[in-house]
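Peer 1: Here you go, my_file.cif (mmCIF, C-alpha atoms):
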data_work
#
loop_
_atom_site.label_atom_id
_atom_site.label_comp_id
_atom_site.auth_asym_id
_atom_site.auth_seq_id
_atom_site.Cartn_x
_atom_site.Cartn_y
_atom_site.Cartn_z
CA MET C 229 -18.98 -38.97 -9.20
CA GLY C 230 -20.88 -35.76 -8.71
CA ASP C 231 -19.08 -34.47 -5.63
CA THR C 232 -16.68 -31.57 -5.32
CA SER C 233 -13.22 -31.73 -3.79
CA GLU C 234 -14.63 -30.09 -0.66
CA GLN C 235 -17.17 -32.91 -0.32
CA ALA C 236 -14.53 -35.56 -0.88
CA ALA C 237 -12.63 -34.13 2.07
CA GLU C 238 -15.64 -34.16 4.39
CA GLN C 239 -15.72 -36.77 7.09
CA PRO C 240 -18.42 -39.47 6.93
CA GLU C 241 -21.07 -39.58 9.59
CA GLN C 242 -19.88 -42.66 11.54
CA ASP C 243 -18.51 -42.22 15.06
CA GLY C 244 -14.86 -42.93 15.79
CA THR C 245 -11.68 -41.84 14.08
CA ALA C 246 -10.90 -45.29 12.71
CA SER C 247 -14.34 -45.76 11.14
CA LYS C 248 -14.18 -42.30 9.62
CA ARG C 249 -10.80 -43.07 8.13
CA ASP C 250 -11.98 -46.41 6.80
CA ALA C 251 -15.09 -44.88 5.26
CA GLY C 252 -13.01 -42.14 3.65
CA ARG C 253 -10.67 -44.70 2.12
CA ARG C 254 -13.62 -46.67 0.83
CA ARG C 255 -15.13 -43.56 -0.76
CA ARG C 256 -11.88 -42.62 -2.48
CA ALA C 257 -11.30 -46.19 -3.69
CA ALA C 258 -14.84 -46.41 -5.09
CA HIS C 259 -14.44 -43.13 -6.94
CA ARG C 260 -11.02 -44.00 -8.34
CA GLY C 261 -12.24 -47.42 -9.46
CA ALA C 262 -15.34 -46.09 -11.21
CA GLU C 263 -15.24 -46.15 -15.00
CA ARG C 264 -17.87 -43.44 -15.38
CA VAL C 265 -18.05 -40.29 -13.25
CA LEU C 266 -19.38 -36.77 -13.72
CA ALA C 267 -16.18 -35.10 -12.51
CA ARG C 268 -12.68 -36.17 -11.58
CA GLY C 269 -10.18 -34.40 -9.37
CA ALA C 270 -6.96 -34.77 -7.44
CA TRP C 271 -8.56 -37.42 -5.22
CA ASP C 272 -8.57 -39.75 -8.24
CA ARG C 273 -4.79 -39.89 -8.53
CA SER C 274 -1.83 -40.76 -6.34
CA MET C 275 0.58 -38.08 -5.20
CA GLY C 276 3.16 -39.38 -7.66
CA GLU C 277 0.69 -39.23 -10.52
CA CYS C 278 -0.25 -35.66 -9.59
CA LEU C 279 3.39 -34.54 -9.52
CA THR C 280 4.16 -36.22 -12.84
CA ALA C 281 1.16 -34.60 -14.50
CA LEU C 282 2.10 -31.17 -13.11
CA ALA C 283 5.63 -31.45 -14.49
CA GLU C 284 4.34 -32.51 -17.90
CA ASP C 285 1.50 -29.99 -18.13
CA GLY C 286 3.50 -27.14 -16.65
CA ALA C 287 5.88 -27.10 -19.61
CA SER C 288 3.05 -25.84 -21.80
CA VAL C 289 2.46 -22.71 -19.69
CA TYR C 290 5.81 -21.76 -18.16
CA ASP C 291 9.55 -22.18 -18.68
CA MET C 292 10.37 -25.24 -16.59
CA ALA C 293 14.08 -24.38 -16.79
CA ALA C 294 13.44 -21.20 -14.81
CA SER C 295 14.31 -21.02 -11.12
CA PRO C 296 11.56 -21.65 -8.56
CA ASP C 297 9.94 -18.58 -7.07
CA ILE C 298 11.31 -17.02 -3.89
CA TYR C 299 8.87 -14.95 -1.82
CA GLY C 300 6.51 -14.35 -4.71
CA ASP C 301 8.68 -13.66 -7.74
CA GLY C 302 9.01 -15.78 -10.87
CA VAL C 303 6.02 -17.99 -11.64
CA VAL C 304 3.97 -16.47 -8.80
CA ALA C 305 4.46 -12.97 -10.19
CA GLU C 306 3.50 -14.26 -13.64
CA LEU C 307 0.29 -15.73 -12.25
CA GLU C 308 -0.52 -12.41 -10.57
CA ARG C 309 0.04 -10.58 -13.85
CA ARG C 310 -2.11 -13.07 -15.74
CA VAL C 311 -5.07 -12.81 -13.37
CA ALA C 312 -4.93 -9.02 -13.21
CA GLU C 313 -5.00 -9.03 -17.01
CA LEU C 314 -7.95 -11.45 -17.15
CA LEU C 315 -10.01 -9.48 -14.64
CA GLU C 316 -8.75 -6.11 -15.93
CA THR C 317 -7.77 -4.91 -12.47
CA ASP C 318 -4.75 -2.76 -11.65
CA ALA C 319 -3.03 -5.48 -9.64
CA ALA C 320 -3.42 -8.87 -7.98
CA ALA C 321 -1.74 -10.65 -5.05
CA PHE C 322 -1.40 -14.42 -4.62
CA PHE C 323 -2.46 -15.90 -1.27
CA PRO C 324 -1.98 -19.46 -0.01
CA THR C 325 -5.68 -19.72 0.90
CA GLY C 326 -8.91 -17.99 -0.02
CA THR C 327 -9.82 -17.67 3.64
CA MET C 328 -6.74 -15.53 4.21
CA ALA C 329 -7.25 -13.49 1.04
CA GLN C 330 -10.81 -12.67 1.97
CA GLN C 331 -10.07 -11.82 5.58
CA VAL C 332 -7.31 -9.49 4.47
CA ALA C 333 -9.55 -7.82 1.89
CA LEU C 334 -12.34 -7.18 4.39
CA ARG C 335 -9.87 -5.97 7.02
CA CYS C 336 -8.35 -3.53 4.54
CA TRP C 337 -11.76 -2.19 3.58
CA ALA C 338 -12.77 -1.82 7.24
CA GLY C 339 -9.75 0.42 7.77
CA ARG C 340 -10.27 2.38 4.59
CA THR C 341 -13.99 3.02 5.11
CA GLY C 342 -13.71 3.54 8.85
CA ASN C 343 -16.53 1.04 9.34
CA PRO C 344 -15.79 -2.56 10.47
CA VAL C 345 -19.29 -3.80 9.61
CA VAL C 346 -19.62 -6.11 6.59
CA ALA C 347 -23.02 -6.86 5.05
CA ILE C 348 -22.90 -10.54 4.12
CA HIS C 349 -25.20 -13.49 3.57
CA PRO C 350 -25.44 -15.88 6.56
CA LEU C 351 -24.68 -18.79 4.19
CA ALA C 352 -21.53 -17.13 2.81
CA HIS C 353 -18.22 -18.92 3.30
CA PRO C 354 -16.86 -16.73 6.14
CA GLU C 355 -20.03 -17.27 8.15
CA VAL C 356 -20.27 -21.05 7.67
CA HIS C 357 -16.81 -22.46 7.01
CA GLU C 358 -14.21 -20.30 8.80
CA GLU C 359 -14.80 -20.93 12.52
CA GLY C 360 -15.76 -17.30 13.22
CA ALA C 361 -12.46 -15.98 11.88
CA LEU C 362 -13.74 -12.56 10.75
CA PRO C 363 -14.62 -11.21 14.21
CA THR C 364 -12.01 -13.30 16.05
CA VAL C 365 -8.98 -12.63 13.89
CA SER C 366 -9.82 -9.59 11.79
CA GLY C 367 -12.05 -7.57 14.12
CA VAL C 368 -14.83 -7.40 11.54
CA ARG C 369 -18.50 -7.61 12.49
CA THR C 370 -21.12 -8.96 10.08
CA VAL C 371 -24.78 -8.12 9.44
CA HIS C 372 -27.23 -9.95 7.19
CA PRO C 373 -29.36 -8.13 4.60
CA THR C 374 -31.41 -11.32 4.10
CA ARG C 375 -31.74 -14.89 5.32
CA GLU C 376 -33.43 -16.10 2.16
CA PRO C 377 -31.42 -18.79 0.27
CA ARG C 378 -30.32 -16.34 -2.43
CA LEU C 379 -28.21 -13.21 -2.79
CA PRO C 380 -29.74 -10.04 -1.28
CA THR C 381 -31.87 -7.73 -3.38
CA ALA C 382 -31.17 -4.05 -3.88
CA ASP C 383 -34.07 -3.12 -1.60
CA GLU C 384 -32.74 -5.38 1.16
CA VAL C 385 -29.36 -3.67 0.93
CA ARG C 386 -30.95 -0.22 0.99
CA ASP C 387 -33.19 -1.12 3.94
CA LEU C 388 -30.51 -2.69 6.13
CA GLY C 389 -31.01 -1.13 9.55
CA GLU C 390 -27.45 -0.01 10.29
CA PRO C 391 -24.50 1.44 8.39
CA PHE C 392 -21.96 -0.93 6.88
CA GLY C 393 -18.63 -0.26 5.22
CA THR C 394 -18.50 -3.23 2.85
CA LEU C 395 -21.00 -5.38 1.02
CA MET C 396 -19.62 -8.87 0.33
CA LEU C 397 -21.34 -10.98 -2.31
CA GLU C 398 -20.44 -14.64 -2.85
CA LEU C 399 -20.82 -15.42 -6.56
CA PRO C 400 -22.25 -18.03 -6.77
CA LEU C 401 -23.64 -18.58 -3.26
CA ARG C 402 -22.53 -22.17 -2.78
CA ASP C 403 -24.46 -23.27 0.30
CA ALA C 404 -27.72 -21.99 -1.16
CA GLY C 405 -27.21 -24.19 -4.23
CA PHE C 406 -24.56 -22.32 -6.27
CA VAL C 407 -27.15 -19.64 -7.02
CA LEU C 408 -26.63 -16.33 -8.80
CA PRO C 409 -28.76 -13.23 -9.34
CA SER C 410 -29.50 -11.98 -12.83
CA TRP C 411 -27.05 -9.49 -14.33
CA ASP C 412 -29.47 -6.60 -13.85
CA GLU C 413 -30.13 -7.66 -10.25
CA LEU C 414 -26.40 -7.75 -9.56
CA ILE C 415 -25.94 -4.24 -10.94
CA ASP C 416 -28.85 -2.97 -8.81
CA VAL C 417 -27.41 -4.54 -5.64
CA VAL C 418 -23.99 -3.00 -6.28
CA ASP C 419 -25.58 0.39 -6.95
CA ALA C 420 -27.60 0.11 -3.71
CA ALA C 421 -24.41 -0.49 -1.73
CA ARG C 422 -22.74 2.51 -3.33
CA GLU C 423 -25.77 4.65 -2.47
CA ARG C 424 -24.96 3.83 1.14
CA ASP C 425 -21.31 4.85 0.68
CA ALA C 426 -20.15 1.23 0.99
CA VAL C 427 -17.56 -0.60 -1.07
CA VAL C 428 -18.28 -3.93 -2.74
CA HIS C 429 -16.17 -7.07 -2.48
CA PHE C 430 -16.88 -10.23 -4.47
CA ASP C 431 -16.15 -13.64 -3.03
CA GLY C 432 -15.47 -15.01 -6.48
CA ALA C 433 -14.01 -18.37 -5.51
CA ARG C 434 -16.12 -19.75 -8.35
CA LEU C 435 -16.36 -16.54 -10.38
CA TRP C 436 -14.80 -18.34 -13.34
CA GLU C 437 -18.00 -20.27 -14.16
CA THR C 438 -20.45 -17.36 -13.80
CA VAL C 439 -19.90 -15.97 -17.31
CA THR C 440 -22.49 -18.25 -18.91
CA HIS C 441 -25.26 -17.23 -16.50
CA PHE C 442 -24.44 -13.53 -16.64
CA GLY C 443 -23.67 -13.50 -20.35
CA ARG C 444 -20.73 -11.19 -19.70
CA PRO C 445 -16.94 -11.65 -19.79
CA LEU C 446 -15.01 -12.05 -16.55
CA ALA C 447 -13.67 -8.50 -16.66
CA ASP C 448 -17.18 -7.03 -16.80
CA ILE C 449 -18.26 -9.07 -13.79
CA ALA C 450 -15.16 -8.30 -11.73
CA GLY C 451 -15.38 -4.66 -12.78
CA LEU C 452 -18.57 -4.17 -10.76
CA ALA C 453 -16.68 -4.67 -7.49
CA ASP C 454 -13.95 -2.74 -5.71
CA SER C 455 -12.11 -6.00 -5.05
CA VAL C 456 -12.54 -9.65 -5.94
CA TYR C 457 -11.04 -12.89 -4.74
CA VAL C 458 -10.78 -15.96 -6.98
CA SER C 459 -9.75 -19.54 -6.22
CA PHE C 460 -7.64 -21.88 -8.31
CA TYR C 461 -8.56 -25.34 -7.04
CA LYS C 462 -12.36 -25.25 -6.92
CA SER C 463 -13.00 -25.07 -10.67
CA LEU C 464 -9.64 -24.87 -12.38
CA GLY C 465 -8.12 -28.06 -11.01
CA GLY C 466 -5.28 -26.30 -9.21
CA LEU C 467 -3.51 -27.52 -6.09
CA SER C 468 -4.34 -24.62 -3.79
CA GLY C 469 -4.11 -20.85 -3.59
CA ALA C 470 -6.16 -17.78 -4.33
CA MET C 471 -5.83 -14.30 -5.78
CA LEU C 472 -7.03 -10.96 -4.46
CA ALA C 473 -7.44 -8.42 -7.24
CA GLY C 474 -8.20 -4.72 -7.15
CA SER C 475 -6.54 -1.32 -7.22
CA GLU C 476 -2.78 -0.96 -6.92
CA SER C 477 -3.04 0.69 -3.49
CA LEU C 478 -5.40 -1.95 -2.10
CA VAL C 479 -3.22 -4.81 -3.33
CA ASP C 480 -0.10 -3.15 -1.91
CA GLU C 481 -1.80 -2.91 1.47
CA ALA C 482 -3.05 -6.49 1.18
CA ARG C 483 0.51 -7.70 0.63
CA VAL C 484 1.52 -6.16 3.97
CA TRP C 485 -1.37 -7.87 5.77
CA ARG C 486 -0.61 -11.12 3.95
CA HIS C 487 2.84 -11.09 5.56
CA ARG C 488 1.34 -10.32 8.98
CA TYR C 489 -1.10 -13.22 8.60
CA GLY C 490 1.74 -15.63 7.80
CA GLY C 491 1.01 -15.86 4.09
CA GLN C 492 4.39 -14.70 2.76
CA LEU C 493 5.60 -18.18 1.85
CA TYR C 494 9.14 -18.91 0.73
CA GLN C 495 8.14 -20.96 -2.33
CA GLN C 496 4.78 -21.63 -3.95
CA TYR C 497 5.70 -22.69 -7.46
CA PRO C 498 3.69 -25.97 -7.54
CA ALA C 499 0.45 -24.15 -6.68
CA ALA C 500 1.20 -21.25 -9.03
CA LEU C 501 2.16 -23.57 -11.89
CA ALA C 502 -0.99 -25.65 -11.43
CA ALA C 503 -3.07 -22.46 -11.44
CA LEU C 504 -1.53 -21.37 -14.75
CA VAL C 505 -2.33 -24.79 -16.21
CA GLY C 506 -5.92 -24.42 -15.02
CA LEU C 507 -6.27 -20.98 -16.57
CA ASP C 508 -5.00 -22.34 -19.87
CA ARG C 509 -6.90 -25.63 -19.97
CA GLU C 510 -9.94 -25.57 -17.70
CA LEU C 511 -11.06 -21.95 -17.92
CA PRO C 512 -11.95 -22.15 -21.65
CA ARG C 513 -13.91 -25.37 -21.03
CA LEU C 514 -16.08 -24.12 -18.16
CA PRO C 515 -18.89 -22.85 -20.42
CA SER C 516 -19.25 -26.36 -21.87
CA TYR C 517 -19.43 -27.79 -18.33
CA VAL C 518 -22.16 -25.30 -17.41
CA ALA C 519 -24.14 -26.13 -20.54
CA HIS C 520 -23.88 -29.87 -19.95
CA ALA C 521 -24.75 -29.51 -16.26
CA ARG C 522 -28.17 -28.31 -17.43
CA VAL C 523 -28.53 -31.42 -19.59
CA VAL C 524 -27.52 -33.64 -16.67
CA ALA C 525 -29.86 -31.85 -14.26
CA THR C 526 -32.81 -32.29 -16.60
CA ALA C 527 -32.06 -35.99 -17.06
CA LEU C 528 -31.68 -36.46 -13.31
CA ALA C 529 -35.11 -34.93 -12.76
CA GLU C 530 -36.60 -37.17 -15.44
CA GLY C 531 -34.96 -40.23 -13.92
CA PHE C 532 -36.19 -39.49 -10.40
CA ALA C 533 -39.71 -38.68 -11.67
CA ALA C 534 -39.86 -42.16 -13.25
CA SER C 535 -38.41 -43.89 -10.17
CA ALA C 536 -39.72 -45.08 -6.82
CA ALA C 537 -38.40 -41.97 -5.05
CA PRO C 538 -41.32 -40.32 -3.17
CA TRP C 539 -40.06 -36.89 -4.18
CA PHE C 540 -36.86 -35.14 -5.20
CA ARG C 541 -35.47 -31.69 -5.78
CA VAL C 542 -32.84 -30.56 -8.27
CA HIS C 543 -31.81 -27.05 -7.26
CA PRO C 544 -31.54 -24.60 -8.90
CA ASP C 545 -33.52 -25.59 -11.98
CA PRO C 546 -31.83 -25.02 -14.34
CA PRO C 547 -28.38 -24.85 -12.70
CA HIS C 548 -26.70 -21.45 -12.72
CA THR C 549 -23.20 -22.95 -12.96
CA HIS C 550 -21.75 -26.44 -13.52
CA GLN C 551 -22.61 -27.30 -9.90
CA PHE C 552 -26.00 -27.80 -8.27
CA GLN C 553 -27.80 -29.64 -5.46
CA VAL C 554 -29.94 -32.78 -5.40
CA TRP C 555 -32.25 -33.41 -2.43
CA LEU C 556 -33.93 -36.73 -1.57
CA PRO C 557 -36.19 -37.91 1.30
CA PHE C 558 -33.82 -40.53 2.70
CA GLY C 559 -31.23 -40.55 5.47
CA GLN C 560 -27.55 -39.91 4.94
CA ARG C 561 -26.48 -43.46 5.70
CA VAL C 562 -28.89 -44.95 3.18
CA LEU C 563 -27.91 -42.56 0.40
CA ASN C 564 -24.17 -42.76 1.06
CA GLU C 565 -24.21 -46.56 1.11
CA ALA C 566 -26.25 -46.66 -2.11
CA SER C 567 -23.80 -44.25 -3.77
CA LEU C 568 -20.81 -46.35 -2.73
CA ARG C 569 -22.42 -49.62 -3.78
CA GLN C 570 -23.28 -48.19 -7.19
CA ALA C 571 -19.68 -47.13 -7.76
CA GLU C 572 -18.26 -50.42 -6.46
CA GLU C 573 -20.73 -52.80 -8.11
CA THR C 574 -21.49 -51.09 -11.41
CA LYS C 575 -18.39 -48.88 -11.81
CA VAL C 576 -20.74 -45.91 -12.34
CA ALA C 577 -20.38 -43.16 -9.74
CA LEU C 578 -23.40 -40.90 -10.07
CA PHE C 579 -23.33 -39.16 -6.69
CA GLY C 580 -20.77 -38.39 -4.05
CA HIS C 581 -21.19 -37.65 -0.36
CA TRP C 582 -24.67 -36.95 0.99
CA SER C 583 -25.09 -34.63 3.95
CA ALA C 584 -27.89 -33.24 6.10
CA PRO C 585 -27.51 -29.45 6.30
CA GLY C 586 -28.85 -27.71 9.38
CA THR C 587 -31.85 -26.52 7.38
CA ALA C 588 -32.86 -30.06 6.39
CA LEU C 589 -35.69 -32.04 7.96
CA PRO C 590 -34.84 -35.41 9.58
CA GLY C 591 -34.68 -38.12 6.94
CA VAL C 592 -33.79 -35.65 4.18
CA ALA C 593 -30.32 -35.33 2.68
CA MET C 594 -28.54 -33.36 -0.03
CA THR C 595 -25.58 -33.86 -2.33
CA GLU C 596 -23.72 -31.45 -4.57
CA VAL C 597 -23.29 -32.46 -8.21
CA THR C 598 -20.38 -31.19 -10.30
CA VAL C 599 -20.24 -31.70 -14.06
CA ALA C 600 -16.76 -31.36 -15.54
CA ALA C 601 -14.74 -32.92 -18.37
CA ALA C 602 -15.61 -36.52 -17.51
CA GLY C 603 -19.29 -35.64 -17.38
CA LEU C 604 -19.38 -34.44 -20.99
CA GLU C 605 -19.45 -38.10 -22.08
CA TRP C 606 -22.77 -38.73 -20.32
CA THR C 607 -25.90 -38.73 -22.48
CA PRO C 608 -29.36 -38.10 -20.98
CA ASP C 609 -30.05 -41.83 -21.31
CA ASP C 610 -26.87 -42.60 -19.37
CA VAL C 611 -28.03 -40.32 -16.57
CA ARG C 612 -31.56 -41.72 -16.45
CA THR C 613 -30.25 -45.30 -16.38
CA ALA C 614 -27.84 -44.45 -13.57
CA VAL C 615 -30.66 -42.83 -11.58
CA ALA C 616 -32.84 -45.93 -11.95
CA ASP C 617 -30.00 -48.16 -10.73
CA PHE C 618 -29.24 -45.79 -7.86
CA VAL C 619 -32.83 -45.65 -6.62
CA GLU C 620 -33.03 -49.46 -6.64
CA LEU C 621 -30.01 -49.54 -4.34
CA VAL C 622 -31.53 -46.84 -2.14
CA VAL C 623 -34.71 -48.89 -1.73
CA GLU C 624 -32.63 -51.96 -0.82
CA GLU C 625 -30.67 -50.02 1.78
CA GLN C 626 -33.83 -48.44 3.17
CA GLU C 627 -35.44 -51.88 3.61
CA ARG C 628 -32.27 -53.22 5.20
CA GLU C 629 -32.23 -50.33 7.68
CA LEU C 630 -35.86 -50.93 8.61
CA ARG C 631 -35.13 -54.61 9.32
CA VAL C 632 -32.30 -53.81 11.73
#
Kindly transcribe the structure held in the file into structure tokens.

Peer 2:
Amino acid sequence: MGDTSEQAAEQPEQDGTASKRDAGRRRRAAHRGAERVLARGAWDRSMGECLTALAEDGASVYDMAASPDIYGDGVVAELERRVAELLETDAAAFFPTGTMAQQVALRCWAGRTGNPVVAIHPLAHPEVHEEGALPTVSGVRTVHPTREPRLPTADEVRDLGEPFGTLMLELPLRDAGFVLPSWDELIDVVDAARERDAVVHFDGARLWETVTHFGRPLADIAGLADSVYVSFYKSLGGLSGAMLAGSESLVDEARVWRHRYGGQLYQQYPAALAALVGLDRELPRLPSYVAHARVVATALAEGFAASAAPWFRVHPDPPHTHQFQVWLPFGQRVLNEASLRQAEETKVALFGHWSAPGTALPGVAMTEVTVAAAGLEWTPDDVRTAVADFVELVVEEQERELRV
């Protein structure tokens, strides 16, 4: 199924806790029972299966006879060393969540620059998914260089009407469609921020899969920023956790704030071990996922063009990473029911959860598509056939809704 773990966790649109729970169980069961999907994740396995796999896979990346970590030593310290080496930063600190890592980073920079204003896109994660945590918890105020569904340009950063201490760039910008600037555009934006005496922080939750688009190694990308946060579960198949990387002094300060925020956990070895497995196994495969996502996106467009769908949008075209959006002119209920029926009846799960973002017109919905290891088996013909079957189910559901 083409949904991400974040989508799988989203609640369906029905009213009532019981109906939401039932719909969620149905969605998970349909995905687990499907024989063909574009991506699989933790939601496809039981807790016991996940623990067994972690114990087996962990032996290939770390000494399983070693003692568990205590307050960040052992396997956690090894993960920090490994990420700092990959990104070629002086140091790195492990955080239980990316939300905490990013808040701490921006708070540290506000103190260091003497300016609590952060220039950020209104679709960036802290603005959309963190319940106003930056101003409420961290005392940081945000301003928006642009409202266009893309990263800001250098001119927009230069022309921002008030001083700011930090420019935060989410790479890729998920809620705009996992979009990225070109490499030259990224350099120009960073330079524009520096011209204004601001520091640059990258929300690199999905930085791992940007190397194909930029045509540069991870260290070159991370090296443009003063600090960068990366996630371990979004692309690498980890359990949870994030890393904040940067200079030794910044990371030392971040560790203090991590403790103050409640992030100094007694033991975190399952998350750290899973992250090491992801770095070893998934990171080298991400370029192949990105390449095949472009094949899948093209075939999706061809399938919809030949179908009864009035119109469609695959965005961006071509995808910048192994994730992208698909938009269709049907309601959420119709599209979600068609997706579930396809998985249940044909054992082919093409799409996951459909939603209606605040920017969408009534009767228009969007889903996020992720292409990972399971998706590499799909040929263009497989995709086109699945699209044809899906649209037939959509038409059936649409007619059923009109009859009610």

Peer 1: Could you tell me which residues the PyMOL selection byres ((chain C and resi 290-301) around 6) grabs in this file, written as a PyMOL selection string?

Peer 2: chain C and resi 287+289+302+304-305+493-495+497

Peer 1: With C-alpha atoms retained, write the just-selected residues as an mmCIF file, in the coordinates of the input.

Peer 2:
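Written file, out.cif:
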data_model
loop_
_atom_site.group_PDB
_atom_site.id
_atom_site.type_symbol
_atom_site.label_atom_id
_atom_site.label_comp_id
_atom_site.auth_asym_id
_atom_site.auth_seq_id
_atom_site.Cartn_x
_atom_site.Cartn_y
_atom_site.Cartn_z
ATOM 1 C CA ALA C 287 5.880 -27.100 -19.610
ATOM 2 C CA VAL C 289 2.460 -22.710 -19.690
ATOM 3 C CA GLY C 302 9.010 -15.780 -10.870
ATOM 4 C CA VAL C 304 3.970 -16.470 -8.800
ATOM 5 C CA ALA C 305 4.460 -12.970 -10.190
ATOM 6 C CA LEU C 493 5.600 -18.180 1.850
ATOM 7 C CA TYR C 494 9.140 -18.910 0.730
ATOM 8 C CA GLN C 495 8.140 -20.960 -2.330
ATOM 9 C CA TYR C 497 5.700 -22.690 -7.460
#

Peer 1: Kindly provide the residues of stretch 442-517 of chain C that approach stretch 539-554 of chain C to within 12 Å, each paired with its closest atom pair and their distance in Å to one decimal, based on all atoms listed in the file, listed by chain and increasing number, as a Markdown table.

Peer 2:
| residue | atom | partner | partner_atom | distance |
| --- | --- | --- | --- | --- |
| C:Phe442 | CA | C:His548 | CA | 9.1 |
| C:Gly443 | CA | C:His548 | CA | 11.4 |
| C:Lys462 | CA | C:Gln551 | CA | 10.9 |
| C:Ser463 | CA | C:His550 | CA | 9.3 |
| C:Arg513 | CA | C:His550 | CA | 10.9 |
| C:Leu514 | CA | C:His550 | CA | 7.7 |
| C:Pro515 | CA | C:His550 | CA | 8.3 |
| C:Ser516 | CA | C:His550 | CA | 8.7 |
| C:Tyr517 | CA | C:His550 | CA | 5.5 |

Peer 1: Taking all atoms listed in the file into account, name the residue in C:Arg369, C:Arg268, C:Arg375, C:Arg402 that is nearest to C:Val599.

Peer 2: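 Closest candidate: C:Arg268.
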
Peer 1: Starting from the displayed file, determine the output of the PyMOL selection byres ((chain C and resi 320) around 7) and express the residue list as an mmCIF file with C-alpha atoms, keeping the file's coordinate frame.

Peer 2:
data_model
loop_
_atom_site.group_PDB
_atom_site.id
_atom_site.type_symbol
_atom_site.label_atom_id
_atom_site.label_comp_id
_atom_site.auth_asym_id
_atom_site.auth_seq_id
_atom_site.Cartn_x
_atom_site.Cartn_y
_atom_site.Cartn_z
ATOM 1 C CA GLU C 308 -0.520 -12.410 -10.570
ATOM 2 C CA VAL C 311 -5.070 -12.810 -13.370
ATOM 3 C CA ALA C 312 -4.930 -9.020 -13.210
ATOM 4 C CA ALA C 319 -3.030 -5.480 -9.640
ATOM 5 C CA ALA C 321 -1.740 -10.650 -5.050
ATOM 6 C CA PHE C 322 -1.400 -14.420 -4.620
ATOM 7 C CA MET C 471 -5.830 -14.300 -5.780
ATOM 8 C CA LEU C 472 -7.030 -10.960 -4.460
ATOM 9 C CA ALA C 473 -7.440 -8.420 -7.240
ATOM 10 C CA GLY C 474 -8.200 -4.720 -7.150
ATOM 11 C CA VAL C 479 -3.220 -4.810 -3.330
#

Peer 1: When distances are computed from all atoms listed in the file, which of C:Thr364, C:Thr438, C:Thr607, C:Thr394 shows the smallest separation from C:Glu423?

Peer 2: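 Of C:Thr364, C:Thr438, C:Thr607, C:Thr394, the one nearest C:Glu423, counting all atoms listed in the file, is C:Thr394.
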
Peer 1: Report, in Å to a single decimal, how far apart atom CA of C:Glu596 and atom CA of C:Phe618 are.

Peer 2: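 Distance between the two atoms: 15.7 Å.
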
Peer 1: Mind pulling up the distance from atom CA of C:Asp403 to atom CA of C:Ala521?

Peer 2: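 These atoms are spaced 17.7 Å apart.
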
Peer 1: Could you check the closest approach to C:Asp454 for each of C:Val428, C:Ala361, C:Met328, C:Ala258 and tell me which residue wins, using only C-alpha atoms?

Peer 2: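 Checking each of C:Val428, C:Ala361, C:Met328, C:Ala258 against C:Asp454, counting only C-alpha atoms, the winner is C:Val428.
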
Peer 1: For the structure shown, which residues end up in the PyMOL selection byres ((chain C and resi 610-612) around 7)? Put them as a list of chain:residue names, please?

Peer 2: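 Listing what the PyMOL selection byres ((chain C and resi 610-612) around 7) selects in the shown file: C:Val524, C:Ala527, C:Leu528, C:Glu530, C:Gly531, C:Trp606, C:Thr607, C:Pro608, C:Asp609, C:Thr613, C:Ala614, C:Val615, C:Ala616.
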
Peer 1: Excluding C:Ala537 and any residue of its chain fewer than 6 positions from it, enumerate the residues within 8 Å of it, using all atoms listed in the file, and give them as a list in words.

Peer 2: Leu556, Pro557 and Val619 of chain C

Peer 1: Limited to C-alpha atoms, could you put the picked residues into a file as a PDB file, in the frame of the given file?

Peer 2:
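File again.pdb, as written:
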ATOM      1  CA  LEU C 556     -33.930 -36.730  -1.570  1.00  0.00           C
ATOM      2  CA  PRO C 557     -36.190 -37.910   1.300  1.00  0.00           C
ATOM      3  CA  VAL C 619     -32.830 -45.650  -6.620  1.00  0.00           C
TER       4      VAL C 619
END

Peer 1: For C:Arg310, which of C:Glu572, C:Leu563, C:Val505, C:Glu413 is the closest residue, counting all atoms listed in the file?

Peer 2: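 Of C:Glu572, C:Leu563, C:Val505, C:Glu413, the one nearest C:Arg310 is C:Val505, counting all atoms listed in the file.
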
Peer 1: If you count only C-alpha atoms, which residues fall within 9 Å of C:Leu478, apart from same-chain ones fewer than 5 positions away, as a list in words?

Peer 2: Ala319, Ala333, Cys336, Trp337, Ser455, Ala473 and Arg483 of chain C

Peer 1: Set the distance at 10 Å and use only C-alpha atoms: which residues neighbour C:Pro363 once local chain neighbours fewer than 6 positions away are removed? I'd like the list as a list in words.

Peer 2: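 In the requested format, the answer is Gln331, Pro344, Val345, Arg369 and Thr370 of chain C.
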
Peer 1: Work out how far apart atom CA of C:Glu390 and atom CA of C:Ala404 are and give it in Å to one decimal.

Peer 2: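 So the two atoms, atom CA of C:Glu390 and atom CA of C:Ala404, lie 24.8 Å apart.
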